[in-house]
$ cat start_23.cif   # mmCIF, C-alpha atoms
data_input
loop_
_atom_site.label_atom_id
_atom_site.label_comp_id
_atom_site.auth_asym_id
_atom_site.auth_seq_id
_atom_site.Cartn_x
_atom_site.Cartn_y
_atom_site.Cartn_z
CA MET J 1238 -18.19 9.59 -78.12
CA ASN J 1239 -19.98 10.18 -74.82
CA ILE J 1240 -22.08 13.26 -75.52
CA ALA J 1241 -23.20 15.62 -72.76
CA ASP J 1242 -26.92 15.82 -72.19
CA LYS J 1243 -28.56 18.32 -74.51
CA LEU J 1244 -30.01 21.45 -72.94
CA THR J 1245 -33.32 23.13 -73.65
CA ASP J 1246 -33.51 26.02 -76.10
CA GLU J 1247 -34.04 28.38 -73.17
CA GLN J 1248 -30.96 27.07 -71.41
CA TYR J 1249 -28.82 27.58 -74.51
CA LYS J 1250 -30.25 31.07 -74.91
CA GLU J 1251 -29.40 31.90 -71.31
CA ASN J 1252 -25.92 30.36 -71.47
CA PHE J 1253 -24.95 32.17 -74.67
CA LYS J 1254 -26.55 35.53 -73.99
CA GLU J 1255 -24.29 38.57 -74.20
CA ILE J 1256 -21.94 38.88 -71.25
CA THR J 1257 -21.83 42.67 -71.73
CA PRO J 1258 -25.33 44.05 -72.51
CA PRO J 1259 -25.80 47.30 -74.46
CA PHE J 1260 -26.35 50.68 -72.83
CA THR J 1261 -29.77 52.26 -72.68
CA ARG J 1262 -29.98 55.85 -73.93
CA ASN J 1263 -29.92 57.36 -70.43
CA ALA J 1264 -27.12 55.11 -69.25
CA ALA J 1265 -25.01 55.95 -72.31
CA ILE J 1266 -25.45 59.69 -71.86
CA ASN J 1267 -24.69 59.47 -68.15
CA GLU J 1268 -21.55 57.44 -68.81
CA ALA J 1269 -20.44 59.79 -71.60
CA ASN J 1270 -20.81 62.73 -69.24
CA ARG J 1271 -18.39 61.08 -66.80
CA CYS J 1272 -15.60 61.47 -69.38
CA LEU J 1273 -13.05 64.17 -68.53
CA PHE J 1274 -12.12 64.67 -72.22
CA CYS J 1275 -8.43 64.62 -71.31
CA TYR J 1276 -6.24 66.84 -73.47
CA ASP J 1277 -3.60 64.10 -73.84
CA SER J 1278 -6.13 61.25 -74.35
CA PRO J 1279 -4.24 58.27 -72.91
CA CYS J 1280 -7.15 56.08 -74.04
CA THR J 1281 -6.63 57.10 -77.67
CA LYS J 1282 -2.92 56.34 -77.44
CA ALA J 1283 -3.68 52.90 -75.98
CA CYS J 1284 -6.09 51.99 -78.81
CA PRO J 1285 -4.19 50.25 -81.62
CA THR J 1286 -6.36 52.07 -84.19
CA HIS J 1287 -6.05 55.38 -82.28
CA ILE J 1288 -9.75 56.25 -82.35
CA ASP J 1289 -10.34 59.81 -81.13
CA ILE J 1290 -12.13 58.51 -78.06
CA PRO J 1291 -12.85 61.81 -76.24
CA THR J 1292 -14.41 63.22 -79.42
CA PHE J 1293 -16.72 60.27 -80.07
CA ILE J 1294 -17.76 60.20 -76.40
CA LYS J 1295 -18.43 63.97 -76.41
CA LYS J 1296 -20.70 63.49 -79.41
CA ILE J 1297 -22.63 60.79 -77.55
CA ALA J 1298 -23.04 63.19 -74.62
CA THR J 1299 -24.59 65.75 -77.00
CA GLU J 1300 -26.64 62.98 -78.72
CA ASN J 1301 -24.84 63.40 -82.03
CA LEU J 1302 -24.67 59.64 -82.57
CA ILE J 1303 -24.08 59.80 -86.32
CA GLY J 1304 -21.14 62.14 -85.75
CA SER J 1305 -19.87 59.76 -83.07
CA ALA J 1306 -20.05 56.79 -85.46
CA LYS J 1307 -18.21 58.75 -88.16
CA THR J 1308 -15.41 59.57 -85.73
CA ILE J 1309 -15.08 55.89 -84.82
CA PHE J 1310 -15.19 54.57 -88.39
CA SER J 1311 -12.59 57.12 -89.46
CA SER J 1312 -10.10 55.02 -87.51
CA ASN J 1313 -11.59 51.53 -87.30
CA TRP J 1314 -13.69 49.61 -89.86
CA ALA J 1315 -14.25 46.70 -87.42
CA ALA J 1316 -15.80 49.03 -84.85
CA LEU J 1317 -18.74 46.86 -83.75
CA THR J 1318 -16.68 43.70 -83.27
CA CYS J 1319 -14.00 45.65 -81.41
CA ALA J 1320 -16.58 47.36 -79.19
CA LYS J 1321 -17.87 43.98 -78.06
CA ALA J 1322 -14.78 41.75 -78.15
CA CYS J 1323 -11.74 43.97 -77.54
CA PRO J 1324 -9.79 43.39 -74.30
CA VAL J 1325 -10.59 46.97 -73.32
CA GLU J 1326 -9.34 46.60 -69.77
CA ILE J 1327 -5.77 46.24 -71.03
CA LEU J 1328 -6.16 48.78 -73.86
CA CYS J 1329 -8.30 51.95 -73.84
CA GLU J 1330 -10.13 51.47 -70.55
CA GLY J 1331 -6.98 50.27 -68.85
CA SER J 1332 -5.39 53.63 -69.69
CA CYS J 1333 -8.31 55.75 -68.49
CA VAL J 1334 -7.24 58.41 -65.97
CA TYR J 1335 -9.97 57.21 -63.61
CA VAL J 1336 -7.97 53.99 -63.14
CA GLU J 1337 -5.02 56.02 -61.84
CA LYS J 1338 -7.40 57.65 -59.37
CA GLY J 1339 -8.58 54.25 -58.19
CA GLU J 1340 -12.02 54.72 -59.73
CA LYS J 1341 -13.99 52.86 -62.39
CA ALA J 1342 -12.81 53.52 -65.94
CA ILE J 1343 -15.15 55.04 -68.51
CA GLU J 1344 -16.89 52.15 -70.28
CA ILE J 1345 -15.44 53.04 -73.66
CA GLY J 1346 -16.28 49.73 -75.31
CA ARG J 1347 -19.97 49.92 -74.44
CA LEU J 1348 -20.14 53.57 -75.51
CA GLN J 1349 -18.57 52.69 -78.84
CA ARG J 1350 -21.09 49.90 -79.28
CA TYR J 1351 -23.93 52.31 -78.45
CA ALA J 1352 -22.93 54.65 -81.29
CA ILE J 1353 -22.25 51.88 -83.82
CA ASP J 1354 -25.41 49.92 -82.97
CA ASN J 1355 -27.39 53.09 -83.64
CA TYR J 1356 -25.63 53.58 -86.97
CA PHE J 1357 -26.59 50.11 -88.20
CA GLU J 1358 -30.12 50.39 -86.81
CA LEU J 1359 -30.55 53.52 -88.95
CA GLY J 1360 -29.65 51.50 -92.05
CA MET J 1361 -26.03 52.62 -92.49
CA PRO J 1362 -26.54 56.29 -93.49
CA LYS J 1363 -23.84 57.53 -95.87
CA LEU J 1364 -20.91 58.99 -93.95
CA PHE J 1365 -18.07 58.68 -96.47
CA THR J 1366 -17.88 59.41 -100.21
CA PRO J 1367 -15.38 57.42 -102.29
CA LYS J 1368 -13.03 59.37 -104.52
CA LYS J 1369 -13.39 59.16 -108.28
CA GLU J 1370 -12.38 55.74 -109.64
CA ASN J 1371 -8.69 55.76 -110.53
CA GLY J 1372 -8.72 52.74 -112.83
CA LYS J 1373 -6.45 50.72 -110.54
CA SER J 1374 -7.29 47.30 -109.12
CA VAL J 1375 -6.29 45.58 -105.87
CA GLY J 1376 -6.90 41.94 -104.97
CA ILE J 1377 -7.31 41.05 -101.30
CA ILE J 1378 -6.91 37.49 -100.04
CA GLY J 1379 -9.09 36.95 -96.98
CA SER J 1380 -12.17 38.83 -95.74
CA GLY J 1381 -11.26 39.03 -92.07
CA PRO J 1382 -10.82 42.36 -90.28
CA ALA J 1383 -7.48 43.09 -91.98
CA GLY J 1384 -8.83 42.39 -95.46
CA LEU J 1385 -12.06 44.29 -94.89
CA ALA J 1386 -10.26 47.32 -93.45
CA CYS J 1387 -7.82 47.35 -96.35
CA GLY J 1388 -10.68 47.01 -98.84
CA ALA J 1389 -12.75 49.79 -97.28
CA GLU J 1390 -9.85 52.22 -97.23
CA LEU J 1391 -8.80 51.44 -100.81
CA ALA J 1392 -12.37 51.75 -102.12
CA LEU J 1393 -12.64 55.21 -100.56
CA LEU J 1394 -9.36 56.10 -102.31
CA GLY J 1395 -10.93 55.22 -105.67
CA TYR J 1396 -9.63 51.68 -106.23
CA ASN J 1397 -11.49 48.72 -107.71
CA VAL J 1398 -11.25 46.18 -104.90
CA GLN J 1399 -11.86 42.44 -105.15
CA ILE J 1400 -11.72 40.28 -102.01
CA TYR J 1401 -11.23 36.52 -102.37
CA GLU J 1402 -12.67 34.47 -99.48
CA SER J 1403 -12.39 30.68 -99.20
CA LYS J 1404 -15.40 30.23 -96.90
CA GLU J 1405 -19.02 30.60 -97.96
CA THR J 1406 -19.60 33.31 -95.34
CA PRO J 1407 -17.18 36.25 -95.16
CA GLY J 1408 -15.77 37.99 -92.10
CA GLY J 1409 -12.87 35.76 -91.10
CA LEU J 1410 -12.14 35.54 -87.38
CA ASP J 1411 -14.90 38.03 -86.57
CA THR J 1412 -17.48 35.70 -88.13
CA TRP J 1413 -16.06 32.33 -87.16
CA GLY J 1414 -13.62 32.63 -84.27
CA ILE J 1415 -15.08 34.68 -81.41
CA ALA J 1416 -17.36 33.19 -78.77
CA PRO J 1417 -21.03 34.08 -79.49
CA TYR J 1418 -21.62 35.45 -75.98
CA LYS J 1419 -19.17 38.21 -76.97
CA THR J 1420 -20.24 38.87 -80.55
CA ILE J 1421 -22.49 36.98 -82.96
CA GLN J 1422 -22.09 36.36 -86.69
CA ALA J 1423 -24.71 38.99 -87.51
CA ASP J 1424 -22.43 41.67 -86.02
CA SER J 1425 -19.55 40.72 -88.27
CA LEU J 1426 -21.80 40.56 -91.33
CA LYS J 1427 -22.98 44.13 -90.68
CA GLU J 1428 -19.35 45.20 -91.01
CA VAL J 1429 -19.05 43.19 -94.21
CA ASP J 1430 -22.12 44.97 -95.61
CA LEU J 1431 -20.64 48.35 -94.69
CA VAL J 1432 -17.45 47.60 -96.62
CA LYS J 1433 -19.44 46.30 -99.58
CA SER J 1434 -21.45 49.55 -99.58
CA PHE J 1435 -18.25 51.34 -100.66
CA GLY J 1436 -18.11 49.20 -103.80
CA VAL J 1437 -15.84 46.43 -102.52
CA LYS J 1438 -16.65 43.08 -104.19
CA ILE J 1439 -16.30 39.78 -102.32
CA LYS J 1440 -16.01 36.43 -104.06
CA ILE J 1441 -16.86 33.67 -101.59
CA GLY J 1442 -15.88 30.02 -101.86
CA VAL J 1443 -12.69 30.95 -103.71
CA LYS J 1444 -9.50 29.43 -102.34
CA VAL J 1445 -6.42 31.05 -103.77
CA GLY J 1446 -4.07 28.31 -104.89
CA ASP J 1447 -6.95 25.96 -105.75
CA ASN J 1448 -9.71 27.90 -107.55
CA ILE J 1449 -7.38 30.64 -108.77
CA SER J 1450 -3.59 30.84 -108.78
CA ILE J 1451 -1.51 33.54 -107.17
CA ASP J 1452 0.06 34.17 -110.60
CA GLU J 1453 -3.39 34.96 -112.01
CA LEU J 1454 -4.01 37.44 -109.22
CA LEU J 1455 -0.65 39.12 -109.68
CA LYS J 1456 -1.39 39.58 -113.40
CA LYS J 1457 -4.96 40.72 -112.83
CA HIS J 1458 -4.36 43.31 -110.11
CA ASP J 1459 -2.02 46.25 -109.63
CA SER J 1460 -1.32 45.06 -106.09
CA ILE J 1461 -2.22 42.21 -103.72
CA PHE J 1462 -2.96 42.31 -100.00
CA ILE J 1463 -2.66 39.12 -97.92
CA GLY J 1464 -5.00 39.03 -94.93
CA VAL J 1465 -5.44 35.30 -94.57
CA GLY J 1466 -5.22 35.12 -90.79
CA LEU J 1467 -4.09 31.88 -89.16
CA GLY J 1468 -5.24 28.30 -89.18
CA GLU J 1469 -5.11 25.55 -86.57
CA SER J 1470 -1.59 24.75 -85.44
CA GLY J 1471 -0.12 21.28 -85.59
CA LYS J 1472 -1.17 18.68 -83.04
CA LEU J 1473 0.78 17.66 -79.95
CA ARG J 1474 2.43 14.74 -81.72
CA ILE J 1475 1.78 12.36 -78.84
CA PRO J 1476 0.24 8.86 -78.93
CA GLY J 1477 -3.54 8.72 -79.28
CA GLU J 1478 -4.10 12.13 -80.83
CA ASN J 1479 -6.03 10.55 -83.71
CA LEU J 1480 -8.65 9.05 -81.39
CA LYS J 1481 -12.24 10.20 -81.82
CA GLY J 1482 -13.07 13.05 -79.51
CA VAL J 1483 -9.75 14.85 -80.00
CA VAL J 1484 -10.47 18.05 -81.96
CA GLY J 1485 -8.93 21.43 -82.68
CA ALA J 1486 -10.20 24.54 -80.91
CA LEU J 1487 -10.89 26.52 -84.09
CA GLU J 1488 -12.89 23.63 -85.53
CA PHE J 1489 -14.92 23.40 -82.32
CA ILE J 1490 -15.51 27.16 -82.00
CA GLU J 1491 -16.55 27.42 -85.65
CA LYS J 1492 -19.33 24.89 -85.03
CA VAL J 1493 -20.49 26.82 -81.98
CA LYS J 1494 -20.52 30.09 -83.97
CA LYS J 1495 -23.25 28.71 -86.22
CA GLU J 1496 -25.49 29.08 -83.14
CA LYS J 1497 -27.09 25.68 -83.69
CA TYR J 1498 -26.06 24.56 -80.26
CA LYS J 1499 -27.86 21.22 -80.14
CA ALA J 1500 -25.93 20.12 -83.22
CA VAL J 1501 -22.53 20.63 -81.56
CA ASP J 1502 -20.94 17.50 -80.09
CA VAL J 1503 -19.48 18.03 -76.64
CA GLY J 1504 -18.36 15.52 -74.04
CA LYS J 1505 -19.33 15.32 -70.39
CA HIS J 1506 -15.72 15.58 -69.22
CA VAL J 1507 -13.77 17.91 -71.51
CA ALA J 1508 -10.11 18.88 -71.37
CA ILE J 1509 -8.63 21.83 -73.25
CA ILE J 1510 -4.90 21.75 -73.94
CA GLY J 1511 -3.47 25.28 -73.84
CA ALA J 1512 -4.24 28.51 -72.00
CA GLY J 1513 -4.56 31.30 -74.54
CA ASN J 1514 -7.70 33.31 -75.26
CA THR J 1515 -8.82 30.72 -77.82
CA ALA J 1516 -8.45 27.97 -75.23
CA ILE J 1517 -10.61 29.96 -72.79
CA ASP J 1518 -13.28 30.47 -75.45
CA ALA J 1519 -13.36 26.74 -76.18
CA ALA J 1520 -13.54 25.89 -72.48
CA THR J 1521 -16.34 28.29 -71.63
CA GLU J 1522 -18.29 27.27 -74.72
CA ALA J 1523 -18.01 23.59 -73.81
CA LYS J 1524 -19.30 24.39 -70.32
CA ARG J 1525 -22.19 26.45 -71.68
CA LEU J 1526 -23.08 23.64 -74.10
CA GLY J 1527 -23.71 21.37 -71.13
CA ALA J 1528 -20.39 19.68 -70.30
CA GLU J 1529 -20.38 18.63 -66.63
CA LYS J 1530 -16.66 19.12 -66.09
CA VAL J 1531 -14.27 21.25 -68.14
CA MET J 1532 -10.55 21.43 -67.46
CA ILE J 1533 -7.73 23.51 -68.89
CA ILE J 1534 -4.36 21.76 -68.94
CA TYR J 1535 -1.37 24.08 -69.14
CA ARG J 1536 2.30 23.28 -68.73
CA ARG J 1537 3.22 26.58 -67.07
CA THR J 1538 1.62 28.59 -64.25
CA ALA J 1539 -1.18 31.18 -64.23
CA GLU J 1540 1.43 33.94 -64.38
CA GLU J 1541 2.72 32.72 -67.75
CA MET J 1542 -0.60 31.88 -69.41
CA PRO J 1543 -1.23 33.84 -72.64
CA ALA J 1544 -4.91 34.51 -71.89
CA ASN J 1545 -5.65 37.96 -70.55
CA SER J 1546 -7.01 38.53 -67.04
CA PHE J 1547 -10.60 39.09 -68.21
CA GLU J 1548 -10.66 35.70 -69.96
CA TYR J 1549 -9.13 34.02 -66.91
CA ARG J 1550 -11.81 35.48 -64.64
CA LEU J 1551 -14.53 34.47 -67.09
CA ALA J 1552 -13.33 30.87 -67.11
CA LYS J 1553 -13.12 30.66 -63.32
CA ASN J 1554 -16.59 32.16 -63.00
CA ASP J 1555 -17.85 29.45 -65.35
CA GLY J 1556 -16.37 26.78 -63.09
CA ILE J 1557 -13.49 25.79 -65.36
CA ILE J 1558 -10.84 23.74 -63.53
CA PHE J 1559 -7.20 24.65 -64.18
CA HIS J 1560 -4.40 22.08 -64.11
CA PHE J 1561 -1.27 24.21 -64.11
CA LEU J 1562 2.26 22.82 -64.45
CA THR J 1563 0.74 19.84 -66.22
CA SER J 1564 1.52 18.43 -69.66
CA PRO J 1565 -0.23 15.63 -71.60
CA VAL J 1566 1.97 12.79 -72.80
CA GLU J 1567 -0.64 10.36 -74.19
CA PHE J 1568 -4.33 10.18 -75.05
CA ILE J 1569 -5.71 6.81 -74.00
CA GLY J 1570 -8.72 4.96 -75.43
CA LYS J 1571 -9.87 2.29 -77.87
CA ASN J 1572 -11.85 4.28 -80.42
CA ASN J 1573 -12.81 7.40 -78.47
CA VAL J 1574 -10.49 9.15 -76.05
CA GLU J 1575 -11.11 7.92 -72.49
CA SER J 1576 -8.36 9.58 -70.47
CA ILE J 1577 -5.21 11.68 -70.69
CA LYS J 1578 -1.92 10.54 -69.24
CA CYS J 1579 -0.20 13.65 -67.89
CA VAL J 1580 3.08 14.50 -66.24
CA LYS J 1581 3.72 17.21 -63.68
CA MET J 1582 6.04 20.04 -64.71
CA GLU J 1583 8.33 22.51 -62.98
CA LEU J 1584 9.76 25.73 -64.34
CA GLY J 1585 13.43 25.79 -65.31
CA GLU J 1586 15.58 28.32 -67.14
CA GLU J 1587 14.13 31.00 -69.41
CA ASP J 1588 13.63 30.05 -73.07
CA GLU J 1589 13.87 32.26 -76.18
CA SER J 1590 10.44 33.76 -75.40
CA GLY J 1591 11.67 35.04 -72.04
CA ARG J 1592 9.47 32.64 -70.09
CA ARG J 1593 10.84 29.91 -67.83
CA LYS J 1594 10.85 26.62 -69.68
CA PRO J 1595 8.65 23.84 -68.23
CA VAL J 1596 10.58 20.67 -67.35
CA PRO J 1597 8.96 17.27 -66.60
CA VAL J 1598 9.06 16.03 -63.00
CA LYS J 1599 10.30 12.44 -62.82
CA ASN J 1600 7.81 9.75 -61.81
CA SER J 1601 4.90 12.23 -61.67
CA GLU J 1602 2.61 10.62 -64.25
CA PHE J 1603 -1.14 10.52 -63.57
CA GLU J 1604 -4.35 10.13 -65.59
CA ILE J 1605 -7.34 12.41 -66.02
CA PRO J 1606 -10.61 10.74 -67.21
CA VAL J 1607 -12.10 12.58 -70.21
CA ASP J 1608 -14.33 11.86 -73.16
CA MET J 1609 -13.30 14.88 -75.24
CA VAL J 1610 -10.07 16.79 -75.77
CA ILE J 1611 -9.82 20.19 -77.47
CA TYR J 1612 -6.31 21.32 -78.34
CA ALA J 1613 -5.62 25.05 -78.52
CA LEU J 1614 -1.88 25.23 -79.04
CA GLY J 1615 -1.79 28.50 -80.94
CA GLN J 1616 -2.26 29.04 -84.65
CA GLU J 1617 0.00 29.37 -87.64
CA ALA J 1618 -0.15 30.74 -91.15
CA ASN J 1619 -0.78 28.46 -94.12
CA SER J 1620 2.85 28.23 -95.18
CA ASN J 1621 2.05 25.96 -98.14
CA PHE J 1622 -0.07 28.70 -99.72
CA LEU J 1623 2.31 31.50 -98.78
CA GLU J 1624 5.30 29.70 -100.21
CA THR J 1625 3.72 29.85 -103.67
CA ILE J 1626 3.97 33.66 -103.66
CA PRO J 1627 7.20 34.80 -105.35
CA ASP J 1628 9.83 36.60 -103.23
CA LEU J 1629 7.82 36.38 -100.01
CA GLU J 1630 9.90 36.10 -96.84
CA ILE J 1631 8.38 33.92 -94.14
CA LYS J 1632 10.01 33.64 -90.73
CA ASN J 1633 8.67 31.57 -87.83
CA GLY J 1634 5.39 31.18 -89.70
CA ARG J 1635 4.93 34.94 -90.19
CA VAL J 1636 5.05 37.03 -93.33
CA ILE J 1637 7.77 39.66 -93.05
CA VAL J 1638 6.71 43.19 -94.03
CA ASN J 1639 7.99 46.75 -93.87
CA GLU J 1640 6.63 48.06 -90.55
CA GLU J 1641 5.54 51.38 -92.07
CA THR J 1642 4.18 50.38 -95.48
CA TYR J 1643 3.25 46.70 -94.86
CA GLN J 1644 5.00 45.86 -98.15
CA THR J 1645 6.66 42.44 -98.45
CA ASP J 1646 9.91 41.67 -100.28
CA ASN J 1647 7.70 41.26 -103.35
CA PRO J 1648 6.94 44.95 -104.00
CA LYS J 1649 3.54 44.15 -105.47
CA VAL J 1650 2.42 42.20 -102.40
CA PHE J 1651 1.40 43.62 -99.01
CA ALA J 1652 0.21 41.80 -95.89
CA GLY J 1653 -1.36 42.48 -92.49
CA GLY J 1654 -3.21 40.98 -89.56
CA ASP J 1655 -2.49 37.68 -87.88
CA CYS J 1656 -0.30 36.39 -90.73
CA ILE J 1657 2.31 39.06 -89.88
CA ASN J 1658 1.91 39.33 -86.09
CA GLY J 1659 1.31 35.71 -85.13
CA GLY J 1660 -2.18 36.30 -83.78
CA LYS J 1661 -3.10 39.50 -81.94
CA GLU J 1662 -6.47 41.18 -81.47
CA VAL J 1663 -9.09 42.11 -84.07
CA VAL J 1664 -8.25 45.77 -83.49
CA ASN J 1665 -4.62 45.15 -84.50
CA ALA J 1666 -5.74 43.50 -87.74
CA ALA J 1667 -8.09 46.41 -88.51
CA TYR J 1668 -5.22 48.84 -88.03
CA ASP J 1669 -2.87 46.79 -90.22
CA GLY J 1670 -5.39 46.63 -93.06
CA LYS J 1671 -6.00 50.36 -93.05
CA GLN J 1672 -2.31 51.25 -92.92
CA ALA J 1673 -1.49 48.74 -95.65
CA ALA J 1674 -4.08 50.37 -97.91
CA HIS J 1675 -2.12 53.62 -97.76
CA GLY J 1676 1.10 51.72 -98.37
CA ILE J 1677 -0.50 50.19 -101.48
CA ASP J 1678 -1.73 53.59 -102.62
CA LYS J 1679 1.80 55.01 -102.44
CA TYR J 1680 3.26 51.99 -104.26
CA VAL J 1681 0.73 52.05 -107.10
CA ASN J 1682 1.26 55.79 -107.55
CA GLY J 1683 5.05 55.50 -107.44
CA ILE J 1684 5.43 57.47 -104.21
CA ASN J 1685 8.43 56.48 -102.08
#
$ encode --input "start_23.cif" --output "structure tokens"
Amino acid sequence: MNIADKLTDEQYKENFKEITPPFTRNAAINEANRCLFCYDSPCTKACPTHIDIPTFIKKIATENLIGSAKTIFSSNWAALTCAKACPVEILCEGSCVYVEKGEKAIEIGRLQRYAIDNYFELGMPKLFTPKKENGKSVGIIGSGPAGLACGAELALLGYNVQIYESKETPGGLDTWGIAPYKTIQADSLKEVDLVKSFGVKIKIGVKVGDNISIDELLKKHDSIFIGVGLGESGKLRIPGENLKGVVGALEFIEKVKKEKYKAVDVGKHVAIIGAGNTAIDAATEAKRLGAEKVMIIYRRTAEEMPANSFEYRLAKNDGIIFHFLTSPVEFIGKNNVESIKCVKMELGEEDESGRRKPVPVKNSEFEIPVDMVIYALGQEANSNFLETIPDLEIKNGRVIVNEETYQTDNPKVFAGGDCINGGKEVVNAAYDGKQAAHGIDKYVNGIN
């Protein structure tokens, strides 16, 4: 594999520094004082966890940072990750009344980070007191934001909570799947420590189905919560996809997240297949690792791409080249991938997703020279594992749950996060986990 020239430590540090720096004290107070504290709080309504945003901002304005953190955590246990990685411009900040007035929105994400950073810097002062232990036990599969949120909420309700995590480092997507210039592993691990401070136990290196069976968990616990997230989707199923240099986006991003940048293999000419947020992360990371040319190949147009507008701007600012209405048909090379044979596409009739279906243009084949391909075709749940759980309905790779209680067709089993929604934001997973905890509490106590 033709590896891009390695950069200096200073270059890596510069390339992977935070794209949104923290507020200083004066800047935070000034920004908080811009807030109009709207009576109808459109920002709160737009937040999937419904944080009381005007209240936490008001507390920052009066320098009651501990009170601000408590307000935030009361709704969201992944508050630091969300403050740094949420697509705020299409959620809370996008709903700010200043936007309607044609002015700059309140920087809600940075204000939230300011309060939560302070909380962790103070050593996590006690804000919540768990109820008396109720003698009931819940097993949680996966320590991502959904699992952690569910565990935190249940522990505060008095449950004995055991999380089972297959990796050696907990945190799920927050630890392993978000570009380090947005949030680093240390941020996610602070949230893990907070949840553990409530008495939640985490067993790492335990893969349910291998190290312990689902039947054992169902016998051991009064209820089970599935928060396994999603894994890499299948490949393109085109010739040459087994060549060296063809890798999955999650595999690539996970290596980058270890922050040992010199150890990450990256080509000089890199193509990313797909145009979701994960594809953008992989593309910008490859560029910041030293790749000379990075391209995103997408079979539809910019209007249909799944990535949000912030990610699109970030990629263009990093010099990423976009090949729209283009689809790969073959990876070419002897041992390592050397080029991609592509075909031009045009948009036809709408498909079941409501988007116009891309159709190949006859005699439009062409080649793009590359020495690395990263495929980011979406993610899917581990159906092999899920199918071992009795009476679990799975449709289109998603676990089907009651929308209010998060209970599956197996009354003892609940689920939340990416495995039920197909892959949304961290904030959605945090909300699911918290709501599922209350669904579990009602089930265990026989409340309909």
$ closest_atom_pairs --input "start_23.cif" --of "region 1263-1304 of chain J" --to "region 1655-1671 of chain J" --cutoff "12 Å" --atoms "all atoms listed in the file" --output "Markdown table"
| residue | atom | partner | partner_atom | distance |
| --- | --- | --- | --- | --- |
| J:Ala1283 | CA | J:Val1664 | CA | 11.3 |
| J:Cys1284 | CA | J:Val1664 | CA | 8.1 |
| J:Pro1285 | CA | J:Asn1665 | CA | 5.9 |
| J:Thr1286 | CA | J:Tyr1668 | CA | 5.1 |
| J:His1287 | CA | J:Tyr1668 | CA | 8.7 |
| J:Ile1288 | CA | J:Tyr1668 | CA | 10.4 |
$ resolve_selection --input "start_23.cif" --expression "the PyMOL selection byres ((chain J and resi 1492-1497) around 12)" --output "ChimeraX atom specification"
/J:1243-1244,1246,1249-1250,1252-1254,1406,1409-1425,1484-1491,1498-1503,1518-1526
$ atom_distance --input "start_23.cif" --atom1 "CA of Glu1251 (chain J)" --atom2 "CA of Lys1553 (chain J)"
18.2 Å
$ closest_atom_pairs --input "start_23.cif" --of "region 1445-1501 of chain J" --to "region 1629-1648 of chain J" --cutoff "10 Å" --atoms "all atoms listed in the file" --output "JSON lines"
{"residue": "J:Ser1460", "atom": "CA", "partner": "J:Pro1648", "partner_atom": "CA", "distance": 8.5}
{"residue": "J:Ile1461", "atom": "CA", "partner": "J:Pro1648", "partner_atom": "CA", "distance": 9.6}
{"residue": "J:Phe1462", "atom": "CA", "partner": "J:Gln1644", "partner_atom": "CA", "distance": 8.9}
{"residue": "J:Ile1463", "atom": "CA", "partner": "J:Val1636", "partner_atom": "CA", "distance": 9.2}
{"residue": "J:Leu1467", "atom": "CA", "partner": "J:Gly1634", "partner_atom": "CA", "distance": 9.5}
$ atom_distance --input "start_23.cif" --atom1 "CA of Phe1603 (chain J)" --atom2 "CA of Lys1578 (chain J)"
5.7 Å
$ resolve_selection --input "start_23.cif" --expression "the PyMOL selection byres ((chain J and resi 1566-1570) around 8)" --output "PyMOL selection string"
chain J and resi 1475-1478+1480+1564-1565+1571-1580
$ closest_atom_pairs --input "start_23.cif" --of "region 1431-1506 of chain J" --to "region 1314-1336 of chain J" --cutoff "12 Å" --atoms "only C-alpha atoms" --output "Markdown table"
| residue | atom | partner | partner_atom | distance |
| --- | --- | --- | --- | --- |
| J:Leu1431 | CA | J:Trp1314 | CA | 8.6 |
| J:Val1432 | CA | J:Trp1314 | CA | 8.0 |
| J:Lys1433 | CA | J:Trp1314 | CA | 11.8 |
| J:Phe1435 | CA | J:Trp1314 | CA | 11.9 |
$ resolve_selection --input "start_23.cif" --expression "the PyMOL selection byres ((chain J and resi 1278) around 9)" --output "JSON, numbers by chain"
{"J": [1274, 1275, 1276, 1277, 1279, 1280, 1281, 1282, 1283, 1289, 1290, 1291, 1332, 1333, 1334]}
$ residues_around --input "start_23.cif" --residues "Ala1539 (chain J)" --least-positions-apart "3" --cutoff "10 Å" --atoms "all atoms listed in the file" --output "PyMOL selection string"
chain J and resi 1512+1535-1536+1542-1544+1546+1549+1559-1562
$ write_last_selection --input "start_23.cif" --atoms "C-alpha atoms" --output "PDB file, keeping the file's coordinate frame"
ATOM      1  CA  ALA J1512      -4.240  28.510 -72.000  1.00  0.00           C
ATOM      2  CA  TYR J1535      -1.370  24.080 -69.140  1.00  0.00           C
ATOM      3  CA  ARG J1536       2.300  23.280 -68.730  1.00  0.00           C
ATOM      4  CA  MET J1542      -0.600  31.880 -69.410  1.00  0.00           C
ATOM      5  CA  PRO J1543      -1.230  33.840 -72.640  1.00  0.00           C
ATOM      6  CA  ALA J1544      -4.910  34.510 -71.890  1.00  0.00           C
ATOM      7  CA  SER J1546      -7.010  38.530 -67.040  1.00  0.00           C
ATOM      8  CA  TYR J1549      -9.130  34.020 -66.910  1.00  0.00           C
ATOM      9  CA  PHE J1559      -7.200  24.650 -64.180  1.00  0.00           C
ATOM     10  CA  HIS J1560      -4.400  22.080 -64.110  1.00  0.00           C
ATOM     11  CA  PHE J1561      -1.270  24.210 -64.110  1.00  0.00           C
ATOM     12  CA  LEU J1562       2.260  22.820 -64.450  1.00  0.00           C
TER      13      LEU J1562
END
$ closest_residue --input "start_23.cif" --among "J:Lys1369, J:Asp1354, J:Tyr1401, J:Asn1301" --to "Ser1450 (chain J)" --atoms "only C-alpha atoms"
J:Tyr1401
